[in-house]
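**Student:** Take a look at input.tsv, TSV, C-alpha atoms:
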chain	number	residue	atom	x	y	z
Z	1	MET	CA	95.03	92.95	95.33
Z	2	ILE	CA	96.06	89.29	95.40
Z	3	TYR	CA	93.23	87.73	97.35
Z	4	LEU	CA	94.25	84.69	99.40
Z	5	ASP	CA	91.46	84.73	101.98
Z	6	ASN	CA	89.06	82.39	100.19
Z	7	ALA	CA	88.49	80.25	103.29
Z	8	ALA	CA	86.76	83.27	104.82
Z	9	THR	CA	84.79	84.17	101.67
Z	10	GLY	CA	85.40	83.12	98.09
Z	11	GLY	CA	86.82	86.16	96.35
Z	12	PHE	CA	85.92	85.19	92.79
Z	13	LYS	CA	82.34	84.57	91.70
Z	14	PRO	CA	81.71	82.86	88.35
Z	15	ALA	CA	79.97	84.95	85.69
Z	16	ALA	CA	76.82	82.84	85.98
Z	17	VAL	CA	76.61	83.59	89.71
Z	18	GLN	CA	77.04	87.31	89.10
Z	19	SER	CA	74.40	87.31	86.36
Z	20	ALA	CA	71.88	85.36	88.44
Z	21	THR	CA	72.32	87.70	91.39
Z	22	LEU	CA	71.87	90.82	89.28
Z	23	ALA	CA	68.84	89.35	87.53
Z	24	ALA	CA	67.25	88.62	90.90
Z	25	LEU	CA	67.80	92.23	91.93
Z	26	ARG	CA	66.41	93.69	88.73
Z	27	LEU	CA	63.03	92.01	89.13
Z	28	SER	CA	62.15	90.85	92.61
Z	29	ALA	CA	59.22	88.91	94.01
Z	30	ASN	CA	58.58	86.72	97.01
Z	31	PRO	CA	59.05	83.07	95.97
Z	32	GLY	CA	56.15	80.88	96.95
Z	33	ARG	CA	54.22	83.50	98.88
Z	34	SER	CA	51.90	84.70	96.10
Z	35	GLY	CA	50.03	83.09	93.24
Z	36	HIS	CA	51.16	85.32	90.38
Z	37	ARG	CA	53.47	84.09	87.65
Z	38	LEU	CA	56.65	85.74	88.89
Z	39	SER	CA	56.28	84.40	92.41
Z	40	ILE	CA	55.64	80.92	91.04
Z	41	ALA	CA	58.61	81.12	88.66
Z	42	LEU	CA	60.96	82.09	91.50
Z	43	ALA	CA	59.55	79.31	93.68
Z	44	GLU	CA	60.37	76.84	90.91
Z	45	ARG	CA	63.98	78.05	90.86
Z	46	VAL	CA	64.15	77.70	94.65
Z	47	LEU	CA	62.90	74.12	94.29
Z	48	ALA	CA	65.49	73.47	91.58
Z	49	CYS	CA	68.24	74.63	93.95
Z	50	ARG	CA	66.99	72.32	96.69
Z	51	ASN	CA	67.02	69.38	94.28
Z	52	LEU	CA	70.50	70.26	92.99
Z	53	LEU	CA	72.02	70.47	96.47
Z	54	SER	CA	70.41	67.19	97.46
Z	55	GLU	CA	71.85	65.59	94.32
Z	56	ILE	CA	75.37	66.94	94.76
Z	57	PHE	CA	75.64	66.03	98.44
Z	58	GLY	CA	73.78	62.73	98.36
Z	59	GLY	CA	70.91	64.13	100.38
Z	60	TYR	CA	67.41	62.99	101.23
Z	61	GLY	CA	65.28	65.00	98.83
Z	62	TYR	CA	64.29	68.61	98.29
Z	63	GLU	CA	62.01	68.81	101.33
Z	64	ARG	CA	65.00	68.18	103.60
Z	65	VAL	CA	67.02	71.07	102.18
Z	66	VAL	CA	66.50	74.21	104.25
Z	67	PHE	CA	67.97	77.58	103.29
Z	68	THR	CA	69.61	79.70	105.99
Z	69	ARG	CA	71.45	83.00	106.07
Z	70	SER	CA	74.78	81.41	107.00
Z	71	CYS	CA	76.46	78.14	107.82
Z	72	THR	CA	76.53	79.36	111.43
Z	73	GLU	CA	72.73	79.60	111.42
Z	74	ALA	CA	72.49	76.09	109.97
Z	75	LEU	CA	74.78	74.73	112.70
Z	76	ASN	CA	72.74	76.50	115.37
Z	77	LEU	CA	69.59	74.98	113.90
Z	78	MET	CA	71.23	71.54	114.03
Z	79	LEU	CA	72.33	71.79	117.63
Z	80	LEU	CA	69.73	74.02	119.30
Z	81	GLY	CA	66.92	72.28	117.45
Z	82	THR	CA	68.04	68.84	118.62
Z	83	LEU	CA	69.79	68.78	122.00
Z	84	LYS	CA	67.69	68.89	125.15
Z	85	ALA	CA	68.34	68.74	128.89
Z	86	GLY	CA	70.17	65.55	129.78
Z	87	ASP	CA	71.55	65.03	126.27
Z	88	HIS	CA	75.26	64.62	125.60
Z	89	ALA	CA	77.22	65.59	122.49
Z	90	VAL	CA	80.66	64.80	121.14
Z	91	CYS	CA	82.64	67.21	118.97
Z	92	THR	CA	86.32	67.63	118.12
Z	93	CYS	CA	89.09	70.05	118.93
Z	94	ILE	CA	89.27	71.26	115.32
Z	95	GLU	CA	85.72	72.61	115.29
Z	96	HIS	CA	84.87	76.22	114.52
Z	97	ASN	CA	83.26	78.46	117.16
Z	98	SER	CA	80.03	78.04	115.19
Z	99	VAL	CA	79.89	74.58	116.77
Z	100	LEU	CA	81.70	75.22	120.05
Z	101	ARG	CA	79.73	78.28	121.12
Z	102	PRO	CA	76.26	76.75	120.59
Z	103	LEU	CA	77.38	73.71	122.59
Z	104	GLU	CA	78.74	75.90	125.37
Z	105	HIS	CA	75.50	77.90	125.36
Z	106	LEU	CA	73.47	74.69	125.69
Z	107	LYS	CA	75.74	73.52	128.49
Z	108	LYS	CA	75.18	76.72	130.47
Z	109	THR	CA	71.49	77.21	129.79
Z	110	ALA	CA	69.86	73.87	128.94
Z	111	GLY	CA	71.63	71.14	130.88
Z	112	VAL	CA	73.41	69.68	127.85
Z	113	SER	CA	76.90	68.22	128.28
Z	114	TYR	CA	79.60	67.66	125.69
Z	115	ASP	CA	83.10	66.25	125.29
Z	116	ILE	CA	85.83	67.16	122.82
Z	117	ALA	CA	87.86	64.58	120.92
Z	118	PRO	CA	91.59	65.37	120.71
Z	119	LEU	CA	93.99	64.94	117.83
Z	120	GLY	CA	96.39	62.03	117.87
Z	121	GLU	CA	100.15	62.43	118.04
Z	122	ASP	CA	100.16	62.37	114.24
Z	123	GLY	CA	97.89	65.42	114.14
Z	124	LYS	CA	94.94	63.41	112.83
Z	125	LEU	CA	91.51	62.80	114.28
Z	126	HIS	CA	91.16	59.10	115.07
Z	127	PRO	CA	87.70	57.52	114.96
Z	128	GLU	CA	88.36	55.46	118.08
Z	129	ALA	CA	89.14	58.65	120.03
Z	130	VAL	CA	85.76	60.04	119.01
Z	131	ALA	CA	83.92	56.80	119.78
Z	132	ALA	CA	85.57	56.56	123.21
Z	133	LEU	CA	83.69	59.69	124.30
Z	134	VAL	CA	80.24	58.37	123.44
Z	135	ARG	CA	77.96	57.77	126.44
Z	136	GLU	CA	74.57	56.18	126.87
Z	137	ASN	CA	72.94	59.62	126.60
Z	138	THR	CA	75.03	60.79	123.62
Z	139	ARG	CA	72.66	62.03	120.98
Z	140	VAL	CA	74.93	63.88	118.56
Z	141	CYS	CA	78.47	63.68	117.19
Z	142	CYS	CA	79.51	66.84	115.32
Z	143	VAL	CA	82.61	66.83	113.11
Z	144	THR	CA	83.88	69.29	110.52
Z	145	THR	CA	84.38	68.17	106.94
Z	146	ALA	CA	87.66	70.13	106.85
Z	147	SER	CA	89.59	72.24	109.32
Z	148	ASN	CA	89.41	75.94	108.53
Z	149	VAL	CA	92.88	76.30	110.08
Z	150	THR	CA	94.89	73.63	108.26
Z	151	GLY	CA	92.62	72.19	105.55
Z	152	TYR	CA	92.82	68.72	107.11
Z	153	ALA	CA	89.73	66.62	106.31
Z	154	PRO	CA	88.77	63.95	108.88
Z	155	ASP	CA	87.49	60.57	107.71
Z	156	LEU	CA	83.78	61.02	108.40
Z	157	ALA	CA	82.87	57.59	107.06
Z	158	ALA	CA	85.28	55.94	109.51
Z	159	ILE	CA	83.88	58.01	112.36
Z	160	ARG	CA	80.35	56.99	111.38
Z	161	ARG	CA	81.38	53.33	111.52
Z	162	ALA	CA	83.06	53.80	114.90
Z	163	ILE	CA	80.14	55.42	116.74
Z	164	PRO	CA	76.83	53.69	117.57
Z	165	ALA	CA	74.14	53.82	114.91
Z	166	ARG	CA	71.76	55.57	117.32
Z	167	VAL	CA	74.06	58.64	117.50
Z	168	LEU	CA	73.32	61.33	114.92
Z	169	LEU	CA	76.33	62.43	112.86
Z	170	PHE	CA	76.38	66.16	112.13
Z	171	ALA	CA	78.89	67.68	109.70
Z	172	ASP	CA	80.09	71.26	109.35
Z	173	GLY	CA	80.59	71.67	105.61
Z	174	ALA	CA	81.81	75.28	105.70
Z	175	GLN	CA	85.30	74.50	104.40
Z	176	GLY	CA	84.86	71.11	102.73
Z	177	ALA	CA	81.71	71.61	100.68
Z	178	GLY	CA	82.48	72.33	97.04
Z	179	HIS	CA	86.09	71.19	97.40
Z	180	ILE	CA	85.94	67.56	98.55
Z	181	PRO	CA	83.31	64.93	97.71
Z	182	ILE	CA	80.59	64.71	100.38
Z	183	HIS	CA	77.79	62.14	100.08
Z	184	MET	CA	75.42	62.11	103.02
Z	185	LYS	CA	73.81	58.72	102.42
Z	186	LYS	CA	77.05	56.87	101.63
Z	187	THR	CA	78.87	58.43	104.58
Z	188	GLY	CA	75.99	58.23	107.04
Z	189	ILE	CA	75.74	61.96	107.70
Z	190	ASP	CA	72.45	62.97	109.32
Z	191	ALA	CA	72.83	66.74	108.95
Z	192	LEU	CA	75.16	68.82	106.79
Z	193	ALA	CA	75.59	72.59	107.08
Z	194	LEU	CA	76.73	74.45	103.96
Z	195	ALA	CA	78.32	77.87	103.52
Z	196	GLY	CA	77.37	78.99	100.03
Z	197	HIS	CA	79.83	81.87	99.84
Z	198	LYS	CA	83.00	79.74	100.07
Z	199	GLY	CA	83.59	76.58	98.04
Z	200	LEU	CA	80.14	76.78	96.46
Z	201	HIS	CA	80.98	80.15	94.83
Z	202	ALA	CA	77.73	81.92	95.82
Z	203	ILE	CA	77.26	85.28	97.52
Z	204	GLN	CA	77.25	86.00	101.23
Z	205	GLY	CA	73.90	85.20	102.81
Z	206	ALA	CA	73.60	81.93	100.86
Z	207	ALA	CA	73.67	78.82	103.04
Z	208	ALA	CA	71.73	75.64	103.65
Z	209	LEU	CA	71.08	72.75	106.00
Z	210	LEU	CA	70.57	69.28	104.53
Z	211	PHE	CA	69.29	66.53	106.82
Z	212	SER	CA	68.24	62.90	106.85
Z	213	ASP	CA	64.94	61.28	107.74
Z	214	ARG	CA	66.46	60.30	111.12
Z	215	PHE	CA	66.75	63.95	112.09
Z	216	ASP	CA	63.71	66.05	112.98
Z	217	PRO	CA	64.86	69.33	114.53
Z	218	ASP	CA	62.60	71.79	116.27
Z	219	PRO	CA	62.44	75.27	114.72
Z	220	ILE	CA	64.48	78.00	116.36
Z	221	LEU	CA	62.86	80.77	114.29
Z	222	PHE	CA	59.11	81.35	114.08
Z	223	GLY	CA	57.01	83.32	111.64
Z	224	GLY	CA	55.34	83.28	108.25
Z	225	THR	CA	55.93	80.48	105.78
Z	226	GLY	CA	53.17	81.02	103.21
Z	227	SER	CA	51.66	77.68	104.23
Z	228	GLU	CA	49.07	76.77	106.88
Z	229	SER	CA	48.58	80.47	107.57
Z	230	TYR	CA	45.41	79.72	109.54
Z	231	SER	CA	47.50	78.09	112.29
Z	232	LEU	CA	49.51	79.92	114.98
Z	233	ASP	CA	51.91	76.97	115.09
Z	234	MET	CA	54.71	76.35	112.64
Z	235	PRO	CA	53.89	73.79	109.92
Z	236	THR	CA	54.72	70.20	110.72
Z	237	PHE	CA	56.30	69.46	107.33
Z	238	TYR	CA	59.68	70.39	105.85
Z	239	PRO	CA	61.14	72.62	104.60
Z	240	ASP	CA	58.45	75.08	105.73
Z	241	ARG	CA	58.79	74.10	109.39
Z	242	LEU	CA	62.33	75.49	109.48
Z	243	GLU	CA	62.06	78.43	107.04
Z	244	ALA	CA	60.23	81.26	108.78
Z	245	GLY	CA	60.30	84.56	106.93
Z	246	THR	CA	61.13	85.58	103.39
Z	247	LEU	CA	63.93	83.70	101.66
Z	248	SER	CA	66.72	85.71	100.11
Z	249	TYR	CA	66.01	84.87	96.49
Z	250	PRO	CA	69.21	86.54	95.20
Z	251	ALA	CA	71.20	84.30	97.56
Z	252	VAL	CA	69.35	81.17	96.42
Z	253	ALA	CA	69.76	82.10	92.75
Z	254	ALA	CA	73.49	82.61	93.28
Z	255	LEU	CA	73.77	79.34	95.18
Z	256	PHE	CA	72.05	77.45	92.37
Z	257	GLU	CA	74.53	78.72	89.78
Z	258	GLY	CA	77.49	78.22	92.11
Z	259	ALA	CA	76.43	74.64	92.79
Z	260	LEU	CA	76.15	74.02	89.03
Z	261	THR	CA	79.74	75.25	88.69
Z	262	VAL	CA	80.87	72.83	91.39
Z	263	LYS	CA	78.99	69.98	89.74
Z	264	SER	CA	80.76	70.59	86.44
Z	265	ARG	CA	84.32	71.21	87.65
Z	266	GLN	CA	84.81	70.03	91.25
Z	267	ARG	CA	87.51	67.50	90.40
Z	268	GLU	CA	89.39	70.02	88.26
Z	269	GLY	CA	89.22	72.62	91.04
Z	270	ALA	CA	90.35	70.14	93.71
Z	271	GLU	CA	93.33	69.07	91.62
Z	272	ASN	CA	94.35	72.69	91.14
Z	273	LEU	CA	94.08	73.47	94.87
Z	274	LEU	CA	96.14	70.40	95.68
Z	275	ARG	CA	98.81	71.58	93.25
Z	276	LEU	CA	98.86	75.14	94.64
Z	277	THR	CA	99.06	74.11	98.29
Z	278	LYS	CA	101.77	71.57	97.50
Z	279	ALA	CA	103.84	74.25	95.74
Z	280	LEU	CA	103.51	76.75	98.57
Z	281	LEU	CA	104.34	74.18	101.23
Z	282	SER	CA	107.38	73.04	99.28
Z	283	SER	CA	108.70	76.59	99.14
Z	284	LEU	CA	107.97	77.32	102.80
Z	285	ALA	CA	109.95	74.23	103.80
Z	286	GLN	CA	113.05	75.75	102.19
Z	287	MET	CA	112.69	79.23	103.74
Z	288	PRO	CA	114.26	80.07	107.10
Z	289	HIS	CA	112.04	81.34	109.95
Z	290	TYR	CA	108.81	79.89	108.51
Z	291	ARG	CA	106.97	76.80	109.73
Z	292	ALA	CA	103.93	75.31	107.98
Z	293	TYR	CA	101.09	73.54	109.79
Z	294	SER	CA	99.22	72.20	106.76
Z	295	GLU	CA	99.67	69.36	104.32
Z	296	PRO	CA	98.74	69.59	100.62
Z	297	ASN	CA	94.96	69.63	100.51
Z	298	GLU	CA	92.00	70.05	98.18
Z	299	CYS	CA	90.51	72.85	100.29
Z	300	GLY	CA	93.30	75.24	99.31
Z	301	ILE	CA	94.42	76.11	102.86
Z	302	VAL	CA	98.01	76.64	104.00
Z	303	SER	CA	98.67	77.98	107.49
Z	304	PHE	CA	102.12	78.94	108.68
Z	305	SER	CA	104.05	80.96	111.25
Z	306	HIS	CA	107.18	83.10	111.38
Z	307	ASP	CA	109.45	82.54	114.37
Z	308	MET	CA	109.90	86.29	115.00
Z	309	VAL	CA	106.79	88.00	113.61
Z	310	PRO	CA	103.32	87.39	115.17
Z	311	SER	CA	100.71	86.16	112.73
Z	312	GLU	CA	98.47	89.23	112.71
Z	313	GLU	CA	101.47	91.52	112.22
Z	314	LEU	CA	102.72	89.35	109.37
Z	315	ALA	CA	99.29	89.40	107.76
Z	316	GLY	CA	99.28	93.19	108.10
Z	317	ILE	CA	102.68	93.47	106.40
Z	318	LEU	CA	101.51	91.32	103.51
Z	319	SER	CA	98.45	93.53	103.10
Z	320	ASP	CA	100.07	96.94	103.55
Z	321	ARG	CA	103.36	96.40	101.71
Z	322	PHE	CA	102.52	93.75	99.14
Z	323	ASP	CA	98.76	94.06	98.64
Z	324	ILE	CA	98.23	90.39	99.47
Z	325	ALA	CA	95.14	89.48	101.50
Z	326	VAL	CA	95.57	86.64	104.00
Z	327	ARG	CA	94.21	86.10	107.50
Z	328	GLY	CA	96.18	86.05	110.73
Z	329	GLY	CA	95.08	85.07	114.24
Z	330	LEU	CA	92.99	82.22	115.62
Z	331	HIS	CA	90.44	81.90	112.78
Z	332	CYS	CA	87.52	81.42	115.21
Z	333	ALA	CA	88.91	77.97	116.05
Z	334	PRO	CA	90.70	78.40	119.40
Z	335	LEU	CA	90.83	74.70	120.31
Z	336	ALA	CA	92.47	73.85	117.00
Z	337	HIS	CA	95.22	76.33	117.73
Z	338	LYS	CA	95.57	74.99	121.27
Z	339	ALA	CA	96.03	71.50	119.81
Z	340	LEU	CA	98.62	72.84	117.35
Z	341	GLY	CA	100.45	74.82	120.04
Z	342	THR	CA	99.74	78.13	118.29
Z	343	ALA	CA	97.11	79.62	120.60
Z	344	GLU	CA	99.39	82.44	121.75
Z	345	SER	CA	100.38	83.97	118.43
Z	346	GLY	CA	98.02	82.29	115.96
Z	347	LEU	CA	98.87	81.48	112.36
Z	348	VAL	CA	98.84	83.16	108.99
Z	349	ARG	CA	96.36	81.42	106.70
Z	350	ALA	CA	96.66	81.66	102.93
Z	351	SER	CA	93.65	80.13	101.22
Z	352	PHE	CA	93.34	79.73	97.48
Z	353	SER	CA	90.43	79.69	95.07
Z	354	PRO	CA	90.05	76.87	92.50
Z	355	PHE	CA	90.21	79.63	89.88
Z	356	GLN	CA	93.70	80.82	90.89
Z	357	SER	CA	97.08	79.76	89.55
Z	358	MET	CA	100.80	79.58	90.36
Z	359	ARG	CA	100.92	83.33	89.80
Z	360	GLU	CA	99.37	83.90	93.22
Z	361	VAL	CA	101.65	81.32	94.85
Z	362	ASP	CA	104.74	82.94	93.36
Z	363	ALA	CA	103.66	86.40	94.51
Z	364	LEU	CA	103.17	85.19	98.09
Z	365	ILE	CA	106.50	83.31	98.14
Z	366	SER	CA	108.32	86.39	96.84
Z	367	ALA	CA	106.75	88.60	99.51
Z	368	LEU	CA	107.53	86.13	102.31
Z	369	ALA	CA	111.14	85.89	101.13
Z	370	LYS	CA	111.50	89.68	101.28
Z	371	ILE	CA	109.97	89.81	104.77
Take the structure in this file and express it as structure tokens.

**Tutor:**
Amino acid sequence: MIYLDNAATGGFKPAAVQSATLAALRLSANPGRSGHRLSIALAERVLACRNLLSEIFGGYGYERVVFTRSCTEALNLMLLGTLKAGDHAVCTCIEHNSVLRPLEHLKKTAGVSYDIAPLGEDGKLHPEAVAALVRENTRVCCVTTASNVTGYAPDLAAIRRAIPARVLLFADGAQGAGHIPIHMKKTGIDALALAGHKGLHAIQGAAALLFSDRFDPDPILFGGTGSESYSLDMPTFYPDRLEAGTLSYPAVAALFEGALTVKSRQREGAENLLRLTKALLSSLAQMPHYRAYSEPNECGIVSFSHDMVPSEELAGILSDRFDIAVRGGLHCAPLAHKALGTAESGLVRASFSPFQSMREVDALISALAKI
């Protein structure tokens, strides 16, 4: 199979990630819960991963790196752990349901309100449009690092400058992390959610939340931490306060090796993805019946439509007849499709890995030409 669904889950895992995962399965222990040598050794690797992520993303130290099971869980922790009755939030129309649904839940159950910034006529997110929605009771502004529909990356630094300093800036790093440079301190990001299994090349179940010293969320999960076990309350210090239950050490081990891969070759991977998306878009522009909705981008995403074949049917044809894996539909981002005018039939999304080449582009172009 030619796998072009990397925006959903990275299809290729580096050898170091595979080896680290298998090693963690061969000899397991609970990191940081016991005092024996193996538990301590695994806890040291967990700490190393926290430090590495904080380094790569310009974070605020290992204690403010919390591991979660998914980027969705990290985003829920951001929003549900922060917003209270009477608070207001601002997000954008290109957000994933992992942001929109928690906000809607808080609106219906907790007295939280929110507004959604639109795209401009040029299809871009303008900082002044975001800032215009800020109220006196606005506590949070949540913006994706890159659209999972088109690959478009908003200017987070410009948005940070446009909104008041008192407003926390949250970033969904599901699609951008590992592909585009993200530096929390330089950009002014207060909380960053990461999906380890996409651009960071780790396995599913590997994710993290990085946050600043301006952000002190309440836990949304309660249980054992291996610390302050005499107390029935969660610890007051991080990361323990937000990490109830046993960590998935295989996921953390994979994330550590995947992050090392990103550290060593992020620019090379981004340049390759830019080249691949540019080539596909150039070909689509010359083919009748197809319309593209992306621009060349470092996240490797190209979404397009066919003027006679619905997106999910087209994705099915590519899978069944040509053994090419893409994704059709709304991509869990309904407001993005509404903004693009594609909410009725959705789009086909081809998403590349930094490890792929023009071979995959040529195969997709050939199949689309035959269709």

**Student:** Considering all atoms listed in the file, state which residue in the set Z:Leu276, Z:Ile371, Z:Ile159, Z:Ala174 is at the smallest distance from Val309 in chain Z.

**Tutor:**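 Nearest candidate to Val309 in chain Z out of Z:Leu276, Z:Ile371, Z:Ile159, Z:Ala174: Z:Ile371.
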
**Student:** What gap, in Å, lies between CA of Lys198 in chain Z and CA of Arg265 in chain Z?

**Tutor:**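 CA of Arg265 in chain Z lies 15.1 Å from CA of Lys198 in chain Z.
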
**Student:** With only C-alpha atoms as the atoms that count, which of Z:Glu63, Z:Asp190, Z:Glu121, Z:Glu257 lies nearest to Ala20 in chain Z?

**Tutor:** Z:Glu257

**Student:** Skip Ala191 in chain Z itself and residues of its chain fewer than 5 positions away, then list as a list in words all residues within 7 Å of it, counting all atoms listed in the file.

**Tutor:** Leu169, Phe170, Ala171, Leu209, Leu210, Phe211 and Ser212 of chain Z

**Student:** Which residue, Z:Ile203, Z:Val262, Z:Val130, Z:Leu330, has the smallest gap to Glu344 in chain Z when you use all atoms listed in the file?

**Tutor:** Z:Leu330

**Student:** Need to verify the contact set: range 229-246 of chain Z, 6 Å, only C-alpha atoms, exclusion of same-chain residues closer than 4 positions in sequence. Can you return it as a list of chain:residue names?

**Tutor:**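 Final neighbour list, sorted by chain and number: Z:Glu63, Z:Arg64, Z:Val66, Z:Pro219, Z:Phe222, Z:Gly223, Z:Gly224, Z:Thr225.
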
**Student:** Write out the residues from the selection above, keeping C-alpha atoms, as an mmCIF file, in the coordinates of the input.

**Tutor:**
data_model
loop_
_atom_site.group_PDB
_atom_site.id
_atom_site.type_symbol
_atom_site.label_atom_id
_atom_site.label_comp_id
_atom_site.auth_asym_id
_atom_site.auth_seq_id
_atom_site.Cartn_x
_atom_site.Cartn_y
_atom_site.Cartn_z
ATOM 1 C CA GLU Z 63 62.010 68.810 101.330
ATOM 2 C CA ARG Z 64 65.000 68.180 103.600
ATOM 3 C CA VAL Z 66 66.500 74.210 104.250
ATOM 4 C CA PRO Z 219 62.440 75.270 114.720
ATOM 5 C CA PHE Z 222 59.110 81.350 114.080
ATOM 6 C CA GLY Z 223 57.010 83.320 111.640
ATOM 7 C CA GLY Z 224 55.340 83.280 108.250
ATOM 8 C CA THR Z 225 55.930 80.480 105.780
#

**Student:** Can you give me N, CA and C atoms for range 82-94 of chain Z, written as a CSV table (one decimal), in the frame of the given file?

**Tutor:**
chain,number,residue,atom,x,y,z
Z,82,THR,N,68.0,70.3,118.3
Z,82,THR,CA,68.0,68.8,118.6
Z,82,THR,C,68.3,68.5,120.1
Z,83,LEU,N,69.3,69.2,120.7
Z,83,LEU,CA,69.8,68.8,122.0
Z,83,LEU,C,68.9,69.4,123.1
Z,84,LYS,N,68.5,68.5,124.0
Z,84,LYS,CA,67.7,68.9,125.2
Z,84,LYS,C,68.4,68.6,126.5
Z,85,ALA,N,67.8,69.0,127.6
Z,85,ALA,CA,68.3,68.7,128.9
Z,85,ALA,C,68.6,67.3,129.1
Z,86,GLY,N,69.8,66.9,129.6
Z,86,GLY,CA,70.2,65.6,129.8
Z,86,GLY,C,70.9,64.9,128.6
Z,87,ASP,N,70.8,65.6,127.4
Z,87,ASP,CA,71.6,65.0,126.3
Z,87,ASP,C,73.0,65.3,126.4
Z,88,HIS,N,73.8,64.5,125.7
Z,88,HIS,CA,75.3,64.6,125.6
Z,88,HIS,C,75.7,64.7,124.1
Z,89,ALA,N,76.7,65.5,123.9
Z,89,ALA,CA,77.2,65.6,122.5
Z,89,ALA,C,78.7,65.4,122.5
Z,90,VAL,N,79.2,64.9,121.4
Z,90,VAL,CA,80.7,64.8,121.1
Z,90,VAL,C,81.0,65.7,120.0
Z,91,CYS,N,82.1,66.5,120.1
Z,91,CYS,CA,82.6,67.2,119.0
Z,91,CYS,C,84.1,67.0,119.0
Z,92,THR,N,84.9,67.8,118.2
Z,92,THR,CA,86.3,67.6,118.1
Z,92,THR,C,87.0,68.9,118.4
Z,93,CYS,N,88.3,68.9,118.6
Z,93,CYS,CA,89.1,70.0,118.9
Z,93,CYS,C,89.4,70.9,117.7
Z,94,ILE,N,89.0,70.4,116.5
Z,94,ILE,CA,89.3,71.3,115.3
Z,94,ILE,C,88.0,71.9,114.8
